[in-house]
>>> print(open('final31.pdb').read())   # PDB, C-alpha atoms and all ligand atoms
MODEL        1
ATOM      1  CA  MET A1268     182.664 109.704 129.891
ATOM      2  CA  LEU A1269     180.738 112.465 128.152
ATOM      3  CA  ASN A1270     178.385 114.511 130.301
ATOM      4  CA  LEU A1271     175.319 114.054 128.138
ATOM      5  CA  GLN A1272     173.328 116.823 129.761
ATOM      6  CA  LYS A1273     176.038 119.378 128.962
ATOM      7  CA  LEU A1274     176.552 118.099 125.417
ATOM      8  CA  PRO A1275     175.214 120.739 122.966
ATOM      9  CA  LYS A1276     172.339 119.134 121.103
ATOM     10  CA  ILE A1277     169.921 119.508 118.215
ATOM     11  CA  ASP A1278     166.320 118.275 118.186
ATOM     12  CA  LEU A1279     164.752 118.106 114.721
ATOM     13  CA  HIS A1280     161.517 116.321 115.615
ATOM     14  CA  CYS A1281     159.655 117.900 118.484
ATOM     15  CA  HIS A1282     155.930 118.713 118.590
ATOM     16  CA  LEU A1283     154.979 121.882 120.437
ATOM     17  CA  ASP A1284     151.555 120.525 121.448
ATOM     18  CA  GLY A1285     153.181 117.383 122.851
ATOM     19  CA  SER A1286     155.707 119.435 124.812
ATOM     20  CA  LEU A1287     153.581 121.970 126.698
ATOM     21  CA  SER A1288     154.178 123.110 130.259
ATOM     22  CA  VAL A1289     151.882 121.205 132.628
ATOM     23  CA  PRO A1290     151.630 124.075 135.192
ATOM     24  CA  MET A1291     150.681 126.492 132.386
ATOM     25  CA  MET A1292     147.980 124.147 131.102
ATOM     26  CA  GLU A1293     146.642 123.721 134.641
ATOM     27  CA  ARG A1294     146.509 127.484 135.170
ATOM     28  CA  HIS A1295     144.816 127.942 131.830
ATOM     29  CA  LEU A1296     142.174 125.278 132.516
ATOM     30  CA  GLY A1297     141.778 126.209 136.191
ATOM     31  CA  ARG A1298     142.154 122.603 137.347
ATOM     32  CA  ARG A1299     144.743 119.957 138.079
ATOM     33  CA  ILE A1300     145.612 117.583 135.270
ATOM     34  CA  ALA A1301     146.210 113.922 136.089
ATOM     35  CA  PRO A1302     149.398 112.570 134.459
ATOM     36  CA  ARG A1303     147.432 109.876 132.600
ATOM     37  CA  GLU A1304     145.455 112.609 130.790
ATOM     38  CA  ILE A1305     148.505 114.004 128.988
ATOM     39  CA  CYS A1306     151.334 111.472 129.320
ATOM     40  CA  VAL A1307     151.572 107.899 128.132
ATOM     41  CA  ASP A1308     152.529 105.135 130.509
ATOM     42  CA  SER A1309     153.975 101.687 129.899
ATOM     43  CA  GLY A1310     150.484 100.384 129.139
ATOM     44  CA  CYS A1311     150.176 102.357 125.887
ATOM     45  CA  THR A1312     149.334  99.955 123.069
ATOM     46  CA  SER A1313     149.420 101.948 119.832
ATOM     47  CA  LEU A1314     149.929 105.260 118.054
ATOM     48  CA  THR A1315     146.145 105.712 118.041
ATOM     49  CA  GLU A1316     146.099 105.562 121.854
ATOM     50  CA  TYR A1317     149.209 107.764 122.098
ATOM     51  CA  LEU A1318     147.449 110.470 120.070
ATOM     52  CA  THR A1319     144.598 110.722 122.615
ATOM     53  CA  LYS A1320     147.102 112.463 124.947
ATOM     54  CA  PHE A1321     146.968 115.520 122.693
ATOM     55  CA  ASP A1322     143.321 116.323 123.415
ATOM     56  CA  ILE A1323     144.010 118.589 126.408
ATOM     57  CA  PRO A1324     147.047 120.384 124.896
ATOM     58  CA  VAL A1325     145.060 121.109 121.722
ATOM     59  CA  GLN A1326     142.109 122.325 123.802
ATOM     60  CA  CYS A1327     144.503 124.823 125.472
ATOM     61  CA  LEU A1328     146.200 126.050 122.283
ATOM     62  CA  GLN A1329     143.247 128.116 121.035
ATOM     63  CA  THR A1330     144.001 131.714 122.038
ATOM     64  CA  ALA A1331     146.741 133.986 120.755
ATOM     65  CA  GLU A1332     148.046 134.891 124.193
ATOM     66  CA  TYR A1333     148.270 131.303 125.395
ATOM     67  CA  ILE A1334     149.929 130.013 122.221
ATOM     68  CA  GLU A1335     152.531 132.775 122.410
ATOM     69  CA  GLN A1336     153.271 132.063 126.082
ATOM     70  CA  GLU A1337     153.670 128.345 125.495
ATOM     71  CA  ALA A1338     156.002 128.887 122.519
ATOM     72  CA  GLU A1339     158.202 131.148 124.655
ATOM     73  CA  ALA A1340     158.133 128.693 127.588
ATOM     74  CA  PHE A1341     158.980 125.858 125.214
ATOM     75  CA  LEU A1342     162.357 127.359 124.270
ATOM     76  CA  GLU A1343     163.044 128.188 127.922
ATOM     77  CA  SER A1344     162.338 124.560 128.856
ATOM     78  CA  LEU A1345     165.163 123.435 126.548
ATOM     79  CA  VAL A1346     167.905 125.290 128.449
ATOM     80  CA  PRO A1347     168.680 122.544 131.027
ATOM     81  CA  ASP A1348     168.825 120.040 128.150
ATOM     82  CA  CYS A1349     171.514 122.136 126.411
ATOM     83  CA  ILE A1350     169.640 122.343 123.103
ATOM     84  CA  ARG A1351     171.334 124.730 120.674
ATOM     85  CA  TYR A1352     168.912 124.383 117.783
ATOM     86  CA  VAL A1353     165.401 122.947 117.631
ATOM     87  CA  GLU A1354     162.966 122.420 114.802
ATOM     88  CA  VAL A1355     159.612 122.697 116.495
ATOM     89  CA  ARG A1356     156.504 121.503 114.704
ATOM     90  CA  PHE A1357     152.804 122.023 115.274
ATOM     91  CA  ALA A1358     149.529 121.816 113.370
ATOM     92  CA  PRO A1359     148.097 125.336 112.930
ATOM     93  CA  ILE A1360     144.794 123.781 111.756
ATOM     94  CA  LEU A1361     144.234 122.323 115.243
ATOM     95  CA  SER A1362     144.371 125.776 116.859
ATOM     96  CA  THR A1363     141.592 127.359 114.799
ATOM     97  CA  ALA A1364     138.568 126.137 116.823
ATOM     98  CA  LYS A1365     137.968 129.545 118.441
ATOM     99  CA  GLY A1366     138.432 131.709 115.365
ATOM    100  CA  LEU A1367     142.183 132.117 114.888
ATOM    101  CA  SER A1368     143.376 131.641 111.309
ATOM    102  CA  CYS A1369     146.267 129.311 110.538
ATOM    103  CA  ARG A1370     148.418 132.326 109.661
ATOM    104  CA  GLU A1371     147.572 133.965 113.004
ATOM    105  CA  VAL A1372     148.482 130.768 114.855
ATOM    106  CA  ILE A1373     151.833 130.643 113.070
ATOM    107  CA  GLU A1374     152.503 134.296 113.876
ATOM    108  CA  CYS A1375     151.705 133.711 117.576
ATOM    109  CA  VAL A1376     154.130 130.804 117.716
ATOM    110  CA  LEU A1377     156.822 132.818 115.940
ATOM    111  CA  ARG A1378     156.394 135.770 118.339
ATOM    112  CA  GLY A1379     156.679 133.475 121.371
ATOM    113  CA  LEU A1380     159.679 131.635 119.968
ATOM    114  CA  GLU A1381     161.424 134.892 119.106
ATOM    115  CA  ARG A1382     161.003 136.087 122.710
ATOM    116  CA  GLY A1383     162.269 132.716 123.921
ATOM    117  CA  LYS A1384     165.263 132.972 121.621
ATOM    118  CA  GLU A1385     166.136 136.419 122.982
ATOM    119  CA  LYS A1386     166.106 135.007 126.515
ATOM    120  CA  THR A1387     167.885 131.720 125.856
ATOM    121  CA  GLY A1388     169.991 132.121 122.705
ATOM    122  CA  ILE A1389     168.462 128.889 121.347
ATOM    123  CA  SER A1390     167.924 128.976 117.570
ATOM    124  CA  TYR A1391     164.846 127.441 116.065
ATOM    125  CA  GLY A1392     163.124 126.453 112.855
ATOM    126  CA  VAL A1393     159.367 126.080 112.537
ATOM    127  CA  ILE A1394     157.713 123.153 110.740
ATOM    128  CA  ALA A1395     153.992 123.399 109.974
ATOM    129  CA  CYS A1396     152.126 120.087 110.150
ATOM    130  CA  ALA A1397     149.312 119.261 107.771
ATOM    131  CA  MET A1398     146.911 116.779 109.344
ATOM    132  CA  ARG A1399     145.879 113.381 108.030
ATOM    133  CA  ASN A1400     142.314 113.596 109.347
ATOM    134  CA  VAL A1401     141.238 116.963 107.872
ATOM    135  CA  SER A1402     139.922 117.809 104.414
ATOM    136  CA  PRO A1403     142.367 118.155 101.497
ATOM    137  CA  ASP A1404     141.188 121.771 101.124
ATOM    138  CA  MET A1405     142.252 122.653 104.644
ATOM    139  CA  ASN A1406     145.709 121.192 104.127
ATOM    140  CA  MET A1407     146.015 122.986 100.790
ATOM    141  CA  ARG A1408     145.081 126.304 102.442
ATOM    142  CA  LEU A1409     147.820 125.687 105.012
ATOM    143  CA  LEU A1410     150.212 125.408 102.096
ATOM    144  CA  ASP A1411     149.109 128.899 100.976
ATOM    145  CA  ASP A1412     149.819 130.163 104.495
ATOM    146  CA  ILE A1413     153.389 128.926 104.431
ATOM    147  CA  SER A1414     154.173 129.829 100.799
ATOM    148  CA  GLY A1415     155.817 132.925  99.384
ATOM    149  CA  ASP A1416     156.002 136.095 101.459
ATOM    150  CA  SER A1417     153.325 134.923 103.887
ATOM    151  CA  GLY A1418     155.416 131.834 104.559
ATOM    152  CA  SER A1419     158.308 133.646 106.160
ATOM    153  CA  GLY A1420     159.327 131.993 109.393
ATOM    154  CA  VAL A1421     158.271 128.460 108.419
ATOM    155  CA  CYS A1422     161.092 126.269 107.161
ATOM    156  CA  ALA A1423     159.203 123.112 106.134
ATOM    157  CA  LEU A1424     155.965 121.169 105.908
ATOM    158  CA  ASP A1425     155.111 117.910 107.703
ATOM    159  CA  LEU A1426     152.187 115.508 107.757
ATOM    160  CA  ALA A1427     151.060 114.259 111.174
ATOM    161  CA  GLY A1428     148.228 112.224 112.642
ATOM    162  CA  ASP A1429     147.120 108.625 112.509
ATOM    163  CA  GLU A1430     149.245 106.981 109.834
ATOM    164  CA  SER A1431     147.515 103.610 110.208
ATOM    165  CA  ARG A1432     144.142 105.084 109.215
ATOM    166  CA  TYR A1433     145.266 107.636 106.608
ATOM    167  CA  PRO A1434     148.132 106.381 104.388
ATOM    168  CA  ASN A1435     150.468 108.759 102.535
ATOM    169  CA  THR A1436     148.883 107.972  99.161
ATOM    170  CA  LEU A1437     145.891 110.123 100.187
ATOM    171  CA  PHE A1438     148.185 113.168 100.215
ATOM    172  CA  HIS A1439     149.763 112.933  96.802
ATOM    173  CA  GLU A1440     148.412 116.286  95.598
ATOM    174  CA  LEU A1441     149.499 118.111  98.735
ATOM    175  CA  PHE A1442     153.114 117.057  98.383
ATOM    176  CA  GLU A1443     153.155 117.523  94.639
ATOM    177  CA  GLU A1444     152.033 121.103  95.213
ATOM    178  CA  ALA A1445     154.575 121.577  98.029
ATOM    179  CA  ARG A1446     157.307 120.430  95.688
ATOM    180  CA  ARG A1447     156.056 122.733  92.946
ATOM    181  CA  ARG A1448     156.240 125.636  95.426
ATOM    182  CA  ARG A1449     159.702 124.518  96.577
ATOM    183  CA  ILE A1450     158.611 123.989 100.175
ATOM    184  CA  PRO A1451     160.788 121.271 101.684
ATOM    185  CA  PHE A1452     159.033 118.599 103.699
ATOM    186  CA  THR A1453     159.357 115.746 106.122
ATOM    187  CA  ILE A1454     156.578 113.137 106.453
ATOM    188  CA  HIS A1455     155.761 110.942 109.453
ATOM    189  CA  SER A1456     156.095 107.530 107.796
ATOM    190  CA  GLY A1457     156.751 103.943 108.794
ATOM    191  CA  GLU A1458     155.692 104.544 112.398
ATOM    192  CA  THR A1459     152.971 101.884 112.311
ATOM    193  CA  GLY A1460     154.736  99.126 110.409
ATOM    194  CA  ASN A1461     153.808 100.295 106.901
ATOM    195  CA  VAL A1462     156.892 100.341 104.670
ATOM    196  CA  GLU A1463     154.791 101.480 101.698
ATOM    197  CA  ASN A1464     154.296 104.824 103.434
ATOM    198  CA  VAL A1465     158.073 105.252 103.581
ATOM    199  CA  ARG A1466     158.370 104.353  99.902
ATOM    200  CA  THR A1467     155.650 106.872  99.000
ATOM    201  CA  ALA A1468     157.293 109.607 101.087
ATOM    202  CA  ILE A1469     160.535 109.062  99.169
ATOM    203  CA  GLU A1470     158.715 109.137  95.821
ATOM    204  CA  TYR A1471     157.030 112.414  96.771
ATOM    205  CA  GLY A1472     160.448 113.940  97.443
ATOM    206  CA  ALA A1473     160.619 114.116 101.254
ATOM    207  CA  SER A1474     163.912 115.553 102.510
ATOM    208  CA  ARG A1475     163.429 113.731 105.795
ATOM    209  CA  ILE A1476     161.185 111.049 107.251
ATOM    210  CA  GLY A1477     159.701 111.058 110.731
ATOM    211  CA  HIS A1478     160.444 107.768 112.553
ATOM    212  CA  GLY A1479     160.786 105.575 109.418
ATOM    213  CA  LEU A1480     161.046 102.373 111.439
ATOM    214  CA  ALA A1481     159.281 100.185 108.878
ATOM    215  CA  LEU A1482     162.180 100.894 106.519
ATOM    216  CA  ILE A1483     164.010  97.993 108.199
ATOM    217  CA  GLN A1484     161.720  95.629 106.259
ATOM    218  CA  ASP A1485     163.253  96.640 102.920
ATOM    219  CA  PRO A1486     167.076  96.685 102.557
ATOM    220  CA  ASP A1487     166.855  98.033  98.989
ATOM    221  CA  LEU A1488     164.791 100.974 100.156
ATOM    222  CA  MET A1489     167.298 101.561 102.979
ATOM    223  CA  GLN A1490     170.016 101.885 100.354
ATOM    224  CA  GLU A1491     167.887 104.319  98.392
ATOM    225  CA  VAL A1492     167.355 106.478 101.495
ATOM    226  CA  ALA A1493     171.112 106.485 102.117
ATOM    227  CA  ARG A1494     171.879 107.266  98.473
ATOM    228  CA  ARG A1495     169.479 110.224  98.430
ATOM    229  CA  GLY A1496     170.762 111.609 101.742
ATOM    230  CA  ILE A1497     167.293 111.534 103.297
ATOM    231  CA  GLY A1498     167.345 112.098 107.058
ATOM    232  CA  ILE A1499     165.520 109.661 109.345
ATOM    233  CA  GLU A1500     164.239 111.369 112.502
ATOM    234  CA  MET A1501     164.239 108.638 115.157
ATOM    235  CA  CYS A1502     162.562 109.077 118.546
ATOM    236  CA  PRO A1503     163.307 105.947 120.629
ATOM    237  CA  THR A1504     161.221 106.653 123.733
ATOM    238  CA  SER A1505     158.140 107.537 121.709
ATOM    239  CA  ASN A1506     158.713 104.614 119.334
ATOM    240  CA  LEU A1507     158.771 102.169 122.237
ATOM    241  CA  GLN A1508     155.639 103.712 123.741
ATOM    242  CA  THR A1509     153.641 103.429 120.498
ATOM    243  CA  HIS A1510     155.074  99.945 119.862
ATOM    244  CA  ALA A1511     156.573 101.156 116.584
ATOM    245  CA  ALA A1512     159.589  99.189 117.852
ATOM    246  CA  PRO A1513     158.988  95.997 119.861
ATOM    247  CA  SER A1514     161.979  96.560 122.177
ATOM    248  CA  LEU A1515     165.108  98.650 122.524
ATOM    249  CA  ALA A1516     167.203  95.588 121.643
ATOM    250  CA  ALA A1517     165.354  95.382 118.316
ATOM    251  CA  TYR A1518     165.655  99.131 117.659
ATOM    252  CA  PRO A1519     167.078  99.493 114.118
ATOM    253  CA  LEU A1520     169.123 102.672 114.673
ATOM    254  CA  ASP A1521     172.468 100.886 114.337
ATOM    255  CA  ARG A1522     171.381  99.002 111.207
ATOM    256  CA  PHE A1523     170.225 102.252 109.597
ATOM    257  CA  LEU A1524     173.581 103.869 110.433
ATOM    258  CA  ASP A1525     175.467 100.853 109.075
ATOM    259  CA  ALA A1526     173.547 101.279 105.807
ATOM    260  CA  GLY A1527     174.875 104.870 105.626
ATOM    261  CA  ILE A1528     171.540 106.541 106.450
ATOM    262  CA  LEU A1529     171.583 110.016 108.023
ATOM    263  CA  VAL A1530     169.855 109.044 111.276
ATOM    264  CA  THR A1531     169.131 111.681 113.913
ATOM    265  CA  LEU A1532     167.986 111.364 117.514
ATOM    266  CA  ASN A1533     164.957 113.380 118.649
ATOM    267  CA  THR A1534     162.331 113.640 121.394
ATOM    268  CA  ASP A1535     158.988 113.715 119.483
ATOM    269  CA  ASN A1536     156.992 114.923 122.506
ATOM    270  CA  ARG A1537     158.712 116.068 125.662
ATOM    271  CA  THR A1538     155.558 116.125 127.801
ATOM    272  CA  VAL A1539     153.467 113.307 126.300
ATOM    273  CA  SER A1540     156.476 110.959 126.185
ATOM    274  CA  GLN A1541     158.046 112.381 129.374
ATOM    275  CA  THR A1542     161.471 112.670 127.774
ATOM    276  CA  THR A1543     164.356 115.026 126.988
ATOM    277  CA  MET A1544     167.222 114.917 124.494
ATOM    278  CA  THR A1545     169.538 114.020 127.385
ATOM    279  CA  GLN A1546     167.376 110.983 128.128
ATOM    280  CA  GLU A1547     167.315 109.929 124.468
ATOM    281  CA  PHE A1548     171.108 110.186 124.232
ATOM    282  CA  THR A1549     171.505 108.265 127.503
ATOM    283  CA  LEU A1550     169.264 105.500 126.188
ATOM    284  CA  ILE A1551     171.315 105.140 123.019
ATOM    285  CA  ARG A1552     174.680 105.327 124.773
ATOM    286  CA  ASP A1553     173.654 102.633 127.254
ATOM    287  CA  LEU A1554     172.354 100.440 124.450
ATOM    288  CA  PHE A1555     175.316 100.678 122.072
ATOM    289  CA  ARG A1556     178.107 101.586 124.506
ATOM    290  CA  ASP A1557     179.638 103.816 121.866
ATOM    291  CA  GLU A1558     180.138 107.545 122.403
ATOM    292  CA  SER A1559     181.357 108.220 118.877
ATOM    293  CA  LEU A1560     177.865 107.254 117.760
ATOM    294  CA  LEU A1561     176.466 110.283 119.579
ATOM    295  CA  GLN A1562     178.741 112.676 117.680
ATOM    296  CA  LEU A1563     177.657 111.056 114.433
ATOM    297  CA  LEU A1564     173.987 111.547 115.334
ATOM    298  CA  LEU A1565     174.664 115.231 116.036
ATOM    299  CA  LYS A1566     176.591 115.662 112.796
ATOM    300  CA  ASN A1567     173.658 114.089 110.923
ATOM    301  CA  ALA A1568     171.297 116.545 112.614
ATOM    302  CA  GLN A1569     173.415 119.483 111.453
ATOM    303  CA  GLU A1570     173.510 118.048 107.968
ATOM    304  CA  THR A1571     169.771 117.375 107.632
ATOM    305  CA  ALA A1572     168.420 120.456 109.473
ATOM    306  CA  PHE A1573     166.156 122.607 107.300
ATOM    307  CA  LEU A1574     168.034 125.761 108.381
ATOM    308  CA  PRO A1575     171.813 126.190 108.646
ATOM    309  CA  THR A1576     172.976 125.385 112.161
ATOM    310  CA  GLU A1577     176.226 126.395 113.803
ATOM    311  CA  PHE A1578     177.588 125.683 117.210
TER     312      PHE A1578
HETATM  313 ZN    ZN B   1     156.089 113.185 115.511
ENDMDL
END
>>> encode(input="final31.pdb", output="structure tokens")
Amino acid sequence: MLNLQKLPKIDLHCHLDGSLSVPMMERHLGRRIAPREICVDSGCTSLTEYLTKFDIPVQCLQTAEYIEQEAEAFLESLVPDCIRYVEVRFAPILSTAKGLSCREVIECVLRGLERGKEKTGISYGVIACAMRNVSPDMNMRLLDDISGDSGSGVCALDLAGDESRYPNTLFHELFEEARRRRIPFTIHSGETGNVENVRTAIEYGASRIGHGLALIQDPDLMQEVARRGIGIEMCPTSNLQTHAAPSLAAYPLDRFLDAGILVTLNTDNRTVSQTTMTQEFTLIRDLFRDESLLQLLLKNAQETAFLPTEF
């Protein structure tokens, strides 16, 4: 049987703010943090509740030094999990409360990741998240920060936040502009049961879709996703916690694969969801009792990564 911990892996959907080091946050805040403040438990009822666990991490990610240290520690934390390539995402807009600009936040993260890469040999791509609950102007300015020469180091755009309150249709202009500027993007869609958000993401030209679970409601749309080679970034532990999927038995990963969709396995938030790639792979192996499936998921990750990956 494969040793899943030692299996070289790729994680394409991992939020930096949801994957911070608890001891570093405690040192930074000068107090102990109770697990329920930053991690979900089995009593979590929705994505809206899940998102409240980001309050403390976001409160911490406001100074250049701290952001840089966390980005470096993030890559180091992936070593035991045998991650070879990670696409780490974060919302620069959320780290501007104490005066940093979005560009400065991105540069801090890149500096920290580069130091982490030197130490660990783990390659990375950076995805900048626009936010659903901020003004269109702010998201458009983020686009400026990741475009052209100033955009070096960022491989794609994402849209994160509460999908049930802010549907994708509100962000038509943002993605039209991203497409015009040839910035590839993934969009969190279909995480709260809304298949229309998945349809809109595809219409906008998303290369990948975060979670995409609601896609199971529409077999024709599943075929379209397969035909276009759009990657679906699935995160089982997180999806069960937010009730995006009612149970592991009902998890549609196998049906997506059967439809020829490029499904990948990812963590979403290592700290908030208390998970690792090894745990996600273990969950899927135990569910489907099929090791060849794991190789397929890795191959799909290589194929749908925003940067070329080799290992
Ligand atoms: Zn996510």
>>> atom_distance(input="final31.pdb", atom1="atom CA of A:Ala1338", atom2="atom CA of A:Glu1430")
26.2 Å
>>> residues_around(input="final31.pdb", residues="A:Ala1526", least_positions_apart="2", cutoff="7 Å", atoms="all atoms listed in the file", output="PyMOL selection string")
chain A and resi 1489-1490+1493+1522-1524+1528
>>> residues_near_point(input="final31.pdb", point="(156.9, 109.2, 99.3)", cutoff="12 Å", atoms="all atoms listed in the file", output="short mmCIF file (atom, residue, chain, number, x, y, z; two decimals) with C-alpha atoms, keeping the file's coordinate frame")
data_model
loop_
_atom_site.label_atom_id
_atom_site.label_comp_id
_atom_site.auth_asym_id
_atom_site.auth_seq_id
_atom_site.Cartn_x
_atom_site.Cartn_y
_atom_site.Cartn_z
CA LEU A 1426 152.19 115.51 107.76
CA PRO A 1434 148.13 106.38 104.39
CA ASN A 1435 150.47 108.76 102.54
CA THR A 1436 148.88 107.97 99.16
CA LEU A 1437 145.89 110.12 100.19
CA PHE A 1438 148.18 113.17 100.22
CA HIS A 1439 149.76 112.93 96.80
CA GLU A 1440 148.41 116.29 95.60
CA LEU A 1441 149.50 118.11 98.74
CA PHE A 1442 153.11 117.06 98.38
CA GLU A 1443 153.16 117.52 94.64
CA ARG A 1446 157.31 120.43 95.69
CA PHE A 1452 159.03 118.60 103.70
CA THR A 1453 159.36 115.75 106.12
CA ILE A 1454 156.58 113.14 106.45
CA HIS A 1455 155.76 110.94 109.45
CA SER A 1456 156.10 107.53 107.80
CA GLY A 1457 156.75 103.94 108.79
CA VAL A 1462 156.89 100.34 104.67
CA GLU A 1463 154.79 101.48 101.70
CA ASN A 1464 154.30 104.82 103.43
CA VAL A 1465 158.07 105.25 103.58
CA ARG A 1466 158.37 104.35 99.90
CA THR A 1467 155.65 106.87 99.00
CA ALA A 1468 157.29 109.61 101.09
CA ILE A 1469 160.54 109.06 99.17
CA GLU A 1470 158.72 109.14 95.82
CA TYR A 1471 157.03 112.41 96.77
CA GLY A 1472 160.45 113.94 97.44
CA ALA A 1473 160.62 114.12 101.25
CA SER A 1474 163.91 115.55 102.51
CA ARG A 1475 163.43 113.73 105.80
CA ILE A 1476 161.18 111.05 107.25
CA GLY A 1477 159.70 111.06 110.73
CA GLY A 1479 160.79 105.58 109.42
CA LEU A 1488 164.79 100.97 100.16
CA VAL A 1492 167.36 106.48 101.50
CA ILE A 1497 167.29 111.53 103.30
#
>>> atom_distance(input="final31.pdb", atom1="atom CA of A:Arg1448", atom2="atom CA of A:Leu1279")
22.4 Å
>>> residues_around(input="final31.pdb", residues="A:Ser1362", least_positions_apart="3", cutoff="9 Å", atoms="all atoms listed in the file", output="ChimeraX atom specification")
/A:1325-1330,1334,1358-1359,1365-1369,1372
>>> write_last_selection(input="final31.pdb", atoms="C-alpha atoms", output="PDB file, keeping the file's coordinate frame")
ATOM      1  CA  VAL A1325     145.060 121.109 121.722  1.00  0.00           C
ATOM      2  CA  GLN A1326     142.109 122.325 123.802  1.00  0.00           C
ATOM      3  CA  CYS A1327     144.503 124.823 125.472  1.00  0.00           C
ATOM      4  CA  LEU A1328     146.200 126.050 122.283  1.00  0.00           C
ATOM      5  CA  GLN A1329     143.247 128.116 121.035  1.00  0.00           C
ATOM      6  CA  THR A1330     144.001 131.714 122.038  1.00  0.00           C
ATOM      7  CA  ILE A1334     149.929 130.013 122.221  1.00  0.00           C
ATOM      8  CA  ALA A1358     149.529 121.816 113.370  1.00  0.00           C
ATOM      9  CA  PRO A1359     148.097 125.336 112.930  1.00  0.00           C
ATOM     10  CA  LYS A1365     137.968 129.545 118.441  1.00  0.00           C
ATOM     11  CA  GLY A1366     138.432 131.709 115.365  1.00  0.00           C
ATOM     12  CA  LEU A1367     142.183 132.117 114.888  1.00  0.00           C
ATOM     13  CA  SER A1368     143.376 131.641 111.309  1.00  0.00           C
ATOM     14  CA  CYS A1369     146.267 129.311 110.538  1.00  0.00           C
ATOM     15  CA  VAL A1372     148.482 130.768 114.855  1.00  0.00           C
TER      16      VAL A1372
END
>>> residues_near_ligand(input="final31.pdb", ligand="ligand ZN 1 (chain B)", cutoff="7 Å", atoms="all atoms listed in the file", output="list in words")
His1280, Cys1281, His1282, Ala1427, His1455, Gly1477 and Asp1535 of chain A
>>> residues_near_point(input="final31.pdb", point="(151.9, 123.9, 132.3)", cutoff="12 Å", atoms="only C-alpha atoms", output="VMD selection string")
chain A and resid 1284 to 1300 1302 1305 1323 to 1324 1327 to 1328 1333 to 1334 1336 to 1338 1340 to 1341 1344 1538
>>> closest_residue(input="final31.pdb", among="A:Pro1513, A:Gly1527, A:Pro1451, A:Pro1503", to="A:Thr1549", atoms="all atoms listed in the file")
A:Pro1503
>>> resolve_selection(input="final31.pdb", expression="the PyMOL selection byres (((chain A and resi 1373) around 10) and not hetatm)", output="PDB file with C-alpha atoms, in the coordinates of the input")
ATOM      1  CA  ALA A1331     146.741 133.986 120.755  1.00  0.00           C
ATOM      2  CA  ILE A1334     149.929 130.013 122.221  1.00  0.00           C
ATOM      3  CA  GLU A1335     152.531 132.775 122.410  1.00  0.00           C
ATOM      4  CA  PHE A1357     152.804 122.023 115.274  1.00  0.00           C
ATOM      5  CA  ALA A1358     149.529 121.816 113.370  1.00  0.00           C
ATOM      6  CA  PRO A1359     148.097 125.336 112.930  1.00  0.00           C
ATOM      7  CA  ILE A1360     144.794 123.781 111.756  1.00  0.00           C
ATOM      8  CA  SER A1362     144.371 125.776 116.859  1.00  0.00           C
ATOM      9  CA  LEU A1367     142.183 132.117 114.888  1.00  0.00           C
ATOM     10  CA  SER A1368     143.376 131.641 111.309  1.00  0.00           C
ATOM     11  CA  CYS A1369     146.267 129.311 110.538  1.00  0.00           C
ATOM     12  CA  ARG A1370     148.418 132.326 109.661  1.00  0.00           C
ATOM     13  CA  GLU A1371     147.572 133.965 113.004  1.00  0.00           C
ATOM     14  CA  VAL A1372     148.482 130.768 114.855  1.00  0.00           C
ATOM     15  CA  GLU A1374     152.503 134.296 113.876  1.00  0.00           C
ATOM     16  CA  CYS A1375     151.705 133.711 117.576  1.00  0.00           C
ATOM     17  CA  VAL A1376     154.130 130.804 117.716  1.00  0.00           C
ATOM     18  CA  LEU A1377     156.822 132.818 115.940  1.00  0.00           C
ATOM     19  CA  ARG A1378     156.394 135.770 118.339  1.00  0.00           C
ATOM     20  CA  VAL A1393     159.367 126.080 112.537  1.00  0.00           C
ATOM     21  CA  ILE A1394     157.713 123.153 110.740  1.00  0.00           C
ATOM     22  CA  ALA A1395     153.992 123.399 109.974  1.00  0.00           C
ATOM     23  CA  ASP A1412     149.819 130.163 104.495  1.00  0.00           C
ATOM     24  CA  ILE A1413     153.389 128.926 104.431  1.00  0.00           C
ATOM     25  CA  GLY A1418     155.416 131.834 104.559  1.00  0.00           C
ATOM     26  CA  SER A1419     158.308 133.646 106.160  1.00  0.00           C
ATOM     27  CA  GLY A1420     159.327 131.993 109.393  1.00  0.00           C
ATOM     28  CA  VAL A1421     158.271 128.460 108.419  1.00  0.00           C
TER      29      VAL A1421
END
>>> closest_residue(input="final31.pdb", among="A:Gln1484, A:Thr1459, A:Ser1431, A:Gln1541", to="A:Ala1511", atoms="only C-alpha atoms")
A:Thr1459
>>> resolve_selection(input="final31.pdb", expression="the PyMOL selection byres (((chain A and resi 1515) around 10) and not hetatm)", output="list in words")
Pro1503, Thr1504, Asn1506, Leu1507, Ala1512, Pro1513, Ser1514, Ala1516, Ala1517, Tyr1518, Pro1519, Leu1520, Leu1550, Ile1551 and Leu1554 of chain A
>>> axis_aligned_box(input="final31.pdb", around="stretch 1314-1318 of chain A", padding_each_side="5 Å", output="JSON")
{"center_x": 148.0, "center_y": 107.9, "center_z": 120.1, "size_x": 13.8, "size_y": 15.2, "size_z": 14.1}
>>> atom_distance(input="final31.pdb", atom1="atom CA of A:Pro1275", atom2="atom CA of A:Glu1381")
20.1 Å
>>> closest_residue(input="final31.pdb", among="A:Ala1301, A:Met1407, A:Val1353, A:Cys1311", to="A:Glu1577", atoms="all atoms listed in the file")
A:Val1353
>>> resolve_selection(input="final31.pdb", expression="the PyMOL selection byres (((chain A and resi 1560) around 12) and not hetatm)", output="ChimeraX atom specification")
/A:1269,1520-1521,1524-1525,1529-1532,1548-1549,1551-1559,1561-1567
